[in-house]
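Below is final-v3.csv, which holds CSV, C-alpha atoms and all ligand atoms.
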chain,number,residue,atom,x,y,z
A,1,MET,CA,0.0,0.0,0.0
A,2,THR,CA,1.2,3.5,-0.8
A,3,TYR,CA,0.1,6.9,0.6
A,4,GLN,CA,-1.8,7.5,-2.7
A,5,ASP,CA,-3.7,4.2,-2.2
A,6,ILE,CA,-4.7,5.3,1.3
A,7,MET,CA,-6.1,8.6,-0.1
A,8,GLU,CA,-7.9,6.7,-2.9
A,9,GLN,CA,-9.4,4.2,-0.5
A,10,ALA,CA,-10.4,6.9,1.9
A,11,ARG,CA,-12.4,8.7,-0.8
A,12,GLY,CA,-16.0,7.7,-0.6
A,13,THR,CA,-15.7,6.2,2.9
A,14,MET,CA,-15.4,9.4,4.9
A,15,GLY,CA,-19.0,10.5,5.1
A,16,ALA,CA,-20.8,13.5,3.5
A,17,TYR,CA,-18.5,16.3,4.6
A,18,CYS,CA,-14.8,15.3,4.3
A,19,LYS,CA,-13.7,15.5,0.7
A,20,VAL,CA,-10.3,13.8,1.3
A,21,CYS,CA,-8.5,16.7,-0.2
A,22,PRO,CA,-4.9,16.3,-1.4
A,23,VAL,CA,-3.9,18.7,1.4
A,24,CYS,CA,-6.2,18.9,4.5
A,25,ASN,CA,-6.3,22.7,4.7
A,26,GLY,CA,-9.8,23.5,6.0
A,27,ARG,CA,-11.1,24.9,2.7
A,28,ALA,CA,-13.5,22.3,1.3
A,29,CYS,CA,-15.1,21.5,4.7
A,30,LYS,CA,-14.8,25.1,5.9
A,31,ASN,CA,-17.7,25.8,8.3
A,32,GLN,CA,-19.1,22.2,8.2
A,33,LEU,CA,-20.1,21.1,11.6
A,34,PRO,CA,-21.0,18.2,12.1
A,35,GLY,CA,-18.1,17.3,9.8
A,36,PRO,CA,-14.4,18.0,10.0
A,37,GLY,CA,-14.8,21.7,9.5
A,38,ALA,CA,-14.6,24.7,11.9
A,39,LYS,CA,-16.9,27.1,13.8
A,40,GLY,CA,-18.3,30.3,12.3
A,41,VAL,CA,-17.0,31.0,8.8
A,42,GLY,CA,-14.3,28.3,9.3
A,43,ASP,CA,-11.6,30.9,9.1
A,44,THR,CA,-9.4,29.7,12.0
A,45,ALA,CA,-8.8,26.2,10.5
A,46,MET,CA,-7.7,27.7,7.2
A,47,ARG,CA,-5.5,30.2,8.9
A,48,ASN,CA,-3.8,27.5,10.9
A,49,TYR,CA,-2.7,25.7,7.7
A,50,GLU,CA,-1.8,28.9,5.8
A,51,LYS,CA,0.4,30.4,8.6
A,52,TRP,CA,2.7,27.3,8.6
A,53,GLN,CA,3.1,27.8,4.8
A,54,GLU,CA,4.1,31.4,5.2
A,55,ILE,CA,7.1,30.3,7.3
A,56,ARG,CA,10.0,29.2,5.0
A,57,VAL,CA,13.0,27.0,5.9
A,58,ASN,CA,16.6,28.0,5.5
A,59,MET,CA,18.7,25.5,3.7
A,60,ASP,CA,22.3,24.8,4.9
A,61,THR,CA,24.1,21.8,3.3
A,62,ILE,CA,27.6,22.8,4.4
A,63,SER,CA,27.5,20.3,7.2
A,64,GLU,CA,28.5,16.8,8.1
A,65,ASN,CA,27.0,14.1,5.9
A,66,ARG,CA,25.7,11.6,8.5
A,67,PRO,CA,22.3,10.2,9.4
A,68,VAL,CA,19.9,12.4,11.4
A,69,ASP,CA,18.4,11.3,14.7
A,70,THR,CA,14.7,12.2,14.9
A,71,SER,CA,14.0,10.6,18.3
A,72,LEU,CA,12.4,12.5,21.1
A,73,SER,CA,12.7,11.9,24.9
A,74,LEU,CA,9.6,13.0,26.8
A,75,PHE,CA,8.2,12.1,30.2
A,76,GLY,CA,10.8,9.2,30.6
A,77,LYS,CA,9.9,7.7,27.2
A,78,THR,CA,11.7,7.7,23.9
A,79,PHE,CA,9.7,8.2,20.7
A,80,ARG,CA,10.9,7.7,17.1
A,81,TYR,CA,9.6,11.1,16.0
A,82,PRO,CA,8.6,14.3,17.6
A,83,PHE,CA,4.9,14.2,16.5
A,84,PHE,CA,1.8,12.5,17.9
A,85,ALA,CA,-1.6,11.6,16.6
A,86,GLY,CA,-4.2,14.1,17.9
A,87,PRO,CA,-7.5,13.2,19.7
A,88,VAL,CA,-10.6,13.0,17.4
A,89,GLY,CA,-14.0,12.2,18.9
A,90,ALA,CA,-17.4,11.3,17.4
A,91,VAL,CA,-15.7,10.0,14.2
A,92,ASN,CA,-18.9,8.4,13.0
A,93,LEU,CA,-20.8,11.7,13.3
A,94,HIS,CA,-18.1,13.8,11.6
A,95,TYR,CA,-16.7,11.2,9.1
A,96,GLY,CA,-19.3,8.6,8.5
A,97,GLU,CA,-20.2,5.1,9.7
A,98,LYS,CA,-17.2,3.1,8.6
A,99,TYR,CA,-15.8,3.4,12.2
A,100,ASN,CA,-17.1,4.3,15.6
A,101,ASP,CA,-14.9,5.9,18.3
A,102,MET,CA,-14.1,2.6,19.9
A,103,GLU,CA,-12.9,1.0,16.7
A,104,TYR,CA,-11.1,4.1,15.6
A,105,ASN,CA,-9.1,4.5,18.8
A,106,GLN,CA,-8.3,0.8,18.9
A,107,ILE,CA,-6.7,1.0,15.5
A,108,LEU,CA,-5.0,4.4,16.0
A,109,VAL,CA,-3.5,3.7,19.5
A,110,LYS,CA,-2.1,0.3,18.4
A,111,ALA,CA,-0.7,1.4,15.1
A,112,CYS,CA,0.9,4.6,16.6
A,113,SER,CA,2.5,2.6,19.4
A,114,GLU,CA,3.8,-0.1,17.1
A,115,ASN,CA,5.4,2.5,14.9
A,116,GLY,CA,7.3,4.5,17.5
A,117,ILE,CA,4.9,7.3,18.4
A,118,ALA,CA,1.8,7.6,20.5
A,119,ALA,CA,-1.8,8.7,20.0
A,120,PHE,CA,-4.0,11.0,22.1
A,121,THR,CA,-7.5,9.6,22.3
A,122,GLY,CA,-10.7,11.6,22.2
A,123,ASP,CA,-13.6,11.5,24.6
A,124,GLY,CA,-17.4,11.7,24.2
A,125,THR,CA,-20.8,11.7,26.0
A,126,ASN,CA,-20.9,8.0,25.6
A,127,PRO,CA,-18.8,6.6,28.6
A,128,ALA,CA,-18.0,3.5,26.4
A,129,VAL,CA,-15.6,5.7,24.3
A,130,MET,CA,-13.2,6.5,27.2
A,131,GLU,CA,-13.6,3.0,28.5
A,132,ALA,CA,-12.5,1.5,25.2
A,133,ALA,CA,-9.7,4.0,24.7
A,134,SER,CA,-8.4,3.2,28.1
A,135,LYS,CA,-8.4,-0.5,27.3
A,136,ALA,CA,-6.6,0.1,24.0
A,137,ILE,CA,-3.9,2.2,25.8
A,138,ALA,CA,-3.5,-0.5,28.5
A,139,ALA,CA,-3.0,-3.1,25.7
A,140,GLU,CA,-0.1,-1.0,24.5
A,141,HIS,CA,1.4,-0.8,28.1
A,142,GLY,CA,0.2,2.7,28.6
A,143,ASN,CA,1.6,4.1,25.3
A,144,GLY,CA,-1.2,6.6,24.6
A,145,ILE,CA,-2.7,9.8,26.1
A,146,PRO,CA,-6.3,9.8,27.1
A,147,THR,CA,-7.8,13.3,26.6
A,148,ILE,CA,-10.6,14.0,29.0
A,149,LYS,CA,-13.2,16.7,28.2
A,150,PRO,CA,-13.7,19.4,30.8
A,151,TRP,CA,-16.7,17.7,32.3
A,152,ASN,CA,-18.3,18.6,35.6
A,153,VAL,CA,-16.7,17.3,38.8
A,154,ASP,CA,-18.8,14.1,39.2
A,155,THR,CA,-18.2,12.9,35.6
A,156,LEU,CA,-14.5,13.7,36.0
A,157,ARG,CA,-14.2,11.3,39.0
A,158,GLU,CA,-15.4,8.4,36.8
A,159,LYS,CA,-12.9,9.4,34.1
A,160,TYR,CA,-10.0,9.4,36.5
A,161,GLU,CA,-10.6,5.8,37.4
A,162,LEU,CA,-10.6,4.9,33.7
A,163,VAL,CA,-7.4,6.7,32.9
A,164,LYS,CA,-5.6,5.1,35.9
A,165,MET,CA,-6.6,1.7,34.6
A,166,SER,CA,-5.1,2.6,31.2
A,167,GLY,CA,-1.7,3.0,32.8
A,168,SER,CA,-1.1,5.9,30.4
A,169,PHE,CA,2.2,7.8,30.7
A,170,ALA,CA,0.3,11.1,30.6
A,171,VAL,CA,-3.3,12.5,30.6
A,172,ALA,CA,-4.6,15.5,28.7
A,173,MET,CA,-7.6,17.7,29.0
A,174,ASP,CA,-8.9,19.9,26.2
A,175,VAL,CA,-10.0,22.8,28.3
A,176,ASP,CA,-11.0,24.7,25.1
A,177,GLY,CA,-13.7,22.0,24.7
A,178,ALA,CA,-15.6,24.6,26.7
A,179,GLY,CA,-16.6,26.0,23.3
A,180,LEU,CA,-18.4,22.8,22.2
A,181,PRO,CA,-22.2,23.3,22.5
A,182,PHE,CA,-22.8,19.7,23.7
A,183,LEU,CA,-20.8,20.3,26.9
A,184,LYS,CA,-22.6,23.6,27.7
A,185,ASN,CA,-25.9,21.8,27.3
A,186,LEU,CA,-25.1,19.1,29.9
A,187,ASP,CA,-26.8,19.3,33.3
A,188,PRO,CA,-24.9,20.3,35.5
A,189,PRO,CA,-23.0,22.1,32.7
A,190,ALA,CA,-19.4,21.3,31.8
A,191,GLY,CA,-16.9,23.7,30.4
A,192,SER,CA,-14.1,26.1,31.4
A,193,LYS,CA,-12.0,25.3,34.5
A,194,THR,CA,-10.3,27.6,36.9
A,195,VAL,CA,-6.6,27.3,37.9
A,196,GLU,CA,-7.7,25.8,41.2
A,197,GLU,CA,-9.9,23.2,39.5
A,198,LEU,CA,-7.2,22.3,37.1
A,199,ARG,CA,-4.7,21.9,40.0
A,200,VAL,CA,-7.1,19.3,41.6
A,201,ILE,CA,-7.4,17.5,38.3
A,202,ALA,CA,-3.6,17.5,37.7
A,203,LYS,CA,-3.1,15.9,41.1
A,204,ALA,CA,-5.9,13.4,40.7
A,205,VAL,CA,-4.6,11.9,37.4
A,206,GLY,CA,-1.2,11.1,39.0
A,207,VAL,CA,0.8,11.2,35.8
A,208,PRO,CA,2.1,14.2,33.8
A,209,PHE,CA,-1.0,16.4,33.0
A,210,ILE,CA,-1.3,18.1,29.6
A,211,VAL,CA,-3.5,21.1,29.2
A,212,LYS,CA,-4.7,21.2,25.5
A,213,GLY,CA,-6.1,24.5,24.1
A,214,VAL,CA,-3.8,27.3,25.2
A,215,MET,CA,-3.4,30.2,22.8
A,216,THR,CA,-1.8,33.0,25.0
A,217,VAL,CA,1.2,33.5,27.3
A,218,ARG,CA,-1.3,34.2,30.0
A,219,GLY,CA,-3.0,30.9,29.4
A,220,ALA,CA,0.3,29.1,29.5
A,221,ARG,CA,1.2,30.7,32.8
A,222,LYS,CA,-2.1,29.7,34.3
A,223,ALA,CA,-1.6,26.1,33.1
A,224,GLN,CA,1.9,26.1,34.7
A,225,GLU,CA,0.4,27.5,38.0
A,226,ALA,CA,-2.1,24.6,37.9
A,227,GLY,CA,0.8,22.2,37.8
A,228,ALA,CA,0.5,21.1,34.1
A,229,ALA,CA,3.6,19.2,32.9
A,230,ALA,CA,2.8,20.4,29.3
A,231,ILE,CA,0.4,22.4,27.2
A,232,VAL,CA,-0.8,21.9,23.7
A,233,VAL,CA,-0.9,25.3,21.9
A,234,SER,CA,-4.1,24.7,20.1
A,235,ASN,CA,-7.4,26.3,19.0
A,236,HIS,CA,-9.0,22.9,18.6
A,237,GLY,CA,-8.6,23.3,14.8
A,238,GLY,CA,-11.0,26.2,14.7
A,239,ARG,CA,-13.9,24.2,16.1
A,240,VAL,CA,-14.5,26.1,19.3
A,241,LEU,CA,-14.0,29.8,18.3
A,242,ASP,CA,-13.8,31.6,15.0
A,243,GLN,CA,-11.4,34.4,14.2
A,244,CYS,CA,-8.6,33.1,16.4
A,245,PRO,CA,-5.0,33.6,15.5
A,246,ALA,CA,-3.3,30.6,13.9
A,247,THR,CA,-1.2,28.5,16.3
A,248,ALA,CA,1.9,29.2,14.2
A,249,GLU,CA,1.3,32.9,15.0
A,250,VAL,CA,1.3,32.5,18.8
A,251,LEU,CA,3.7,29.5,19.4
A,252,GLY,CA,6.9,31.6,19.3
A,253,GLU,CA,5.8,34.1,22.0
A,254,ILE,CA,4.4,31.3,24.2
A,255,ALA,CA,7.6,29.2,23.9
A,256,ASP,CA,9.8,32.3,24.6
A,257,ALA,CA,7.8,33.1,27.8
A,258,MET,CA,7.9,29.5,29.0
A,259,ARG,CA,11.6,28.9,28.3
A,260,GLY,CA,13.4,27.5,31.4
A,261,SER,CA,10.0,26.7,33.1
A,262,GLY,CA,10.4,23.0,32.5
A,263,MET,CA,6.8,22.9,31.0
A,264,LYS,CA,6.8,21.0,27.7
A,265,ILE,CA,5.1,22.5,24.6
A,266,PHE,CA,3.1,20.7,22.0
A,267,VAL,CA,1.4,22.4,19.1
A,268,ASP,CA,-1.4,21.4,16.7
A,269,GLY,CA,-3.5,23.0,13.9
A,270,GLY,CA,-2.8,22.6,10.2
A,271,ILE,CA,0.5,20.8,10.6
A,272,ARG,CA,0.6,18.7,7.4
A,273,SER,CA,4.2,17.7,6.6
A,274,GLY,CA,7.5,16.9,8.2
A,275,VAL,CA,8.7,20.3,7.1
A,276,ASP,CA,5.9,21.8,9.2
A,277,VAL,CA,7.0,19.7,12.2
A,278,LEU,CA,10.5,21.2,11.8
A,279,LYS,CA,9.1,24.7,11.7
A,280,ALA,CA,7.1,24.0,14.9
A,281,LEU,CA,10.3,22.8,16.7
A,282,ALA,CA,12.2,25.8,15.4
A,283,LEU,CA,9.6,28.1,17.0
A,284,GLY,CA,10.1,26.4,20.3
A,285,ALA,CA,7.7,23.4,20.5
A,286,ASP,CA,9.0,20.1,21.9
A,287,ALA,CA,6.6,18.1,19.7
A,288,ALA,CA,3.8,18.5,17.1
A,289,VAL,CA,0.3,17.0,17.1
A,290,ILE,CA,-1.5,16.1,13.9
A,291,ALA,CA,-5.2,15.2,14.1
A,292,ARG,CA,-7.4,15.2,10.9
A,293,PRO,CA,-4.9,13.5,8.5
A,294,PHE,CA,-4.7,10.5,10.9
A,295,VAL,CA,-8.4,10.0,10.4
A,296,THR,CA,-7.9,9.8,6.7
A,297,ALA,CA,-5.0,7.3,7.3
A,298,VAL,CA,-7.3,5.1,9.4
A,299,TYR,CA,-10.3,5.3,7.1
A,300,GLY,CA,-8.1,4.7,4.0
A,301,GLY,CA,-5.8,2.0,5.3
A,302,ALA,CA,-6.4,1.1,9.0
A,303,GLU,CA,-3.2,0.1,10.8
A,304,GLU,CA,-1.1,-0.1,7.7
A,305,GLY,CA,-2.4,3.4,6.6
A,306,VAL,CA,-1.3,4.8,10.0
A,307,LYS,CA,2.2,3.2,9.6
A,308,ILE,CA,2.6,4.6,6.1
A,309,TYR,CA,1.5,8.1,7.2
A,310,ILE,CA,3.9,8.1,10.2
A,311,GLU,CA,6.7,7.0,8.0
A,312,LYS,CA,5.8,9.7,5.4
A,313,ILE,CA,5.9,12.6,7.9
A,314,GLY,CA,9.0,11.1,9.6
A,315,ALA,CA,10.9,10.9,6.3
A,316,GLU,CA,9.9,14.4,5.4
A,317,LEU,CA,11.2,15.6,8.8
A,318,ALA,CA,14.5,13.7,8.4
A,319,ASP,CA,15.0,15.1,4.9
A,320,ALA,CA,14.3,18.7,6.1
A,321,MET,CA,16.7,18.3,9.0
A,322,GLU,CA,19.4,17.0,6.7
A,323,MET,CA,18.8,19.9,4.3
A,324,CYS,CA,19.0,22.4,7.2
A,325,GLY,CA,22.3,20.9,8.5
A,326,VAL,CA,21.0,19.5,11.8
A,327,HIS,CA,21.4,16.0,13.1
A,328,ASP,CA,19.2,15.9,16.2
A,329,LEU,CA,16.1,17.7,17.5
A,330,LYS,CA,17.9,19.7,20.1
A,331,SER,CA,19.9,21.5,17.4
A,332,ILE,CA,16.8,22.8,15.6
A,333,THR,CA,16.7,26.6,16.2
A,334,ARG,CA,14.8,29.6,15.0
A,335,GLU,CA,17.7,30.4,12.7
A,336,MET,CA,16.4,27.6,10.5
A,337,ILE,CA,13.2,29.4,9.6
A,338,ARG,CA,12.3,32.6,7.9
A,339,LEU,CA,9.2,34.3,9.4
A,340,PRO,CA,6.9,36.4,7.2
A,341,ARG,CA,7.5,40.2,7.6
B,1,LIG,C1,-13.9,15.8,14.0
B,1,LIG,C2,-13.0,16.3,15.1
B,1,LIG,C3,-13.2,15.8,16.4
B,1,LIG,C4,-12.3,16.3,17.4
B,1,LIG,N1,-12.4,15.8,18.7
B,1,LIG,C5,-11.6,16.2,19.6
B,1,LIG,C6,-11.6,15.6,20.9
B,1,LIG,O1,-12.5,14.8,21.3
B,1,LIG,N2,-10.7,16.1,21.9
B,1,LIG,C7,-9.8,17.0,21.6
B,1,LIG,O2,-9.0,17.4,22.5
B,1,LIG,N3,-9.7,17.5,20.4
B,1,LIG,C8,-10.5,17.1,19.4
B,1,LIG,N4,-10.4,17.6,18.1
B,1,LIG,C9,-9.4,18.7,17.8
B,1,LIG,C10,-8.1,18.0,17.4
B,1,LIG,O3,-7.5,17.2,18.4
B,1,LIG,C11,-7.0,19.1,17.0
B,1,LIG,O4,-6.8,20.0,18.1
B,1,LIG,C12,-7.5,20.0,15.8
B,1,LIG,O5,-8.2,19.2,14.8
B,1,LIG,C13,-6.3,20.7,15.1
B,1,LIG,O6,-5.4,19.8,14.5
B,1,LIG,P1,-5.4,19.4,12.9
B,1,LIG,O7,-5.5,20.7,12.2
B,1,LIG,O8,-4.2,18.6,12.7
B,1,LIG,O9,-6.7,18.6,12.7
B,1,LIG,C14,-11.3,17.2,17.1
B,1,LIG,C15,-11.1,17.6,15.8
B,1,LIG,C16,-11.9,17.2,14.8
B,1,LIG,C17,-11.7,17.7,13.4
Spit out the file's structure as structure tokens when you get a sec.
Amino acid sequence: MTYQDIMEQARGTMGAYCKVCPVCNGRACKNQLPGPGAKGVGDTAMRNYEKWQEIRVNMDTISENRPVDTSLSLFGKTFRYPFFAGPVGAVNLHYGEKYNDMEYNQILVKACSENGIAAFTGDGTNPAVMEAASKAIAAEHGNGIPTIKPWNVDTLREKYELVKMSGSFAVAMDVDGAGLPFLKNLDPPAGSKTVEELRVIAKAVGVPFIVKGVMTVRGARKAQEAGAAAIVVSNHGGRVLDQCPATAEVLGEIADAMRGSGMKIFVDGGIRSGVDVLKALALGADAAVIARPFVTAVYGGAEEGVKIYIEKIGAELADAMEMCGVHDLKSITREMIRLPR
């Protein structure tokens, strides 16, 4: 199977909204919700993609000719590449009936783990989703990151038990899920969390806690105050608020402000190639997260599709590192990119 085969096989199986575009840039699905699109006019998702493309990479081939090391050490584990599969929930609603969340996470977690990276898993109103995701992560000896929605306190207690059972090496919460209508409509309502509430959650999960959905230096400082081990600079792919800046526009200032704090930084939103991963690291991220294209990989090729997609992005990253004259991730600096003026 090739990447082209995956794309072809995905076409026609991904529901009414996803067009399986050659590049997943938020245009064809735009403001399509349900579907893989974004809120409002769909502008944030498109901007996420476009702002990575405006950053260019500086070539430097006057350097040693030896293989590059793309491996990442994080939270006591070593990964083959500095990127992860992002959490996607309600796949049958947004992408069609070929898979439900339980089946989707099962394939994704296993295939990512077997190919040297890890997957974040999504969460939903159906408790069986987190239950199945926790089992899938447990089967991979904890190599996955359950991502809990910002539920009300009682629901959170049930979720803690599940994530503990999974043995996962980290746990995330998409605090920006506060912008999802279905959470607001719950009784008692779920949604945004205070620093104090996040501190309680960070302690309760008992492993490194990742706050997903931070877009400002102020937000990053609050996450740090709450005891987060990491943040994901993310606007939820534009699905929770329209007219946000792109993640590529805010990553640099957040990374600068957090330098030396010990807090790790992930970033997602429109990252579509290994070159984009290099740009993210050059701006100060420790790792990138890619969400929508992994759905295409699963729908188009199941485990093998995920393997091929990981290898594609990994090979592009290795090539970009070689062409920029760096041999390990630590040597990637901002000098390697040219920002738009
Ligand atoms: C259909 C769909 C469902 C999503 N579900 C979740 C979720 O359950 N939890 C979460 O933290 N993020 C969720 N996200 C957001 C992604 O994890 C990610 O932040 C966003 O899509 C940006 O990355 P991308 O541009 O690579 O897709 C979802 C995104 C999509 C498109």
Find the residues with any atom within 9 Å of (-18.8, 12.0, 15.9); use all atoms listed in the file and the coordinates as given in the file, and write the answer as a PyMOL selection string.
chain A and resi 34-35+88-96+100-101+124
Around ligand LIG 1 (chain B), out to 6 Å and counting only C-alpha atoms and all ligand atoms, which residues are there? I want them as JSON, numbers by chain.
{"A": [36, 86, 87, 88, 89, 94, 122, 123, 147, 174, 234, 236, 237, 268, 269, 270, 271, 290, 291, 292]}
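For the choices A:Met173, A:Lys264, A:Gly252, A:Val233, the atom-to-atom distance to Lys159 of chain A is smallest for A:Met173 when using all atoms listed in the file.
Between Tyr104 of chain A and the residues A:Leu317, A:Ala16, A:Val200, A:Val295, the shortest atom-to-atom distance, using only C-alpha atoms, involves A:Val295.
Note that the spacing between atom CA of Gln243 of chain A and atom CA of Val214 of chain A amounts to 15.1 Å.
Across the structure, atom CA of Glu197 of chain A and atom CA of Lys212 of chain A are spaced 15.1 Å apart.
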Mind giving me the straight-line distance from atom CA of Glu158 of chain A to atom CA of Gly206 of chain A in Å, one decimal?
14.6 Å
Could you list, as a count of residues only, every residue within 10 Å of Gly274 of chain A, counting only C-alpha atoms and ignoring same-chain residues fewer than 6 positions away?
17
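Minimum atom-to-atom distance to Val20 of chain A, evaluated using only C-alpha atoms, belongs to A:Thr296 out of A:Thr333, A:Thr296, A:Asn152, A:Gln32.
With all atoms listed in the file as the atoms that count, the minimum distance from Glu196 of chain A to the choices A:Ala228, A:Val306, A:Val217, A:Ala133 is reached by A:Ala228.
You can rank A:Val68, A:Ala302, A:Ile201, A:Ala230 by their closest distance to Tyr99 of chain A using only C-alpha atoms, and at the top of that list sits A:Ala302.
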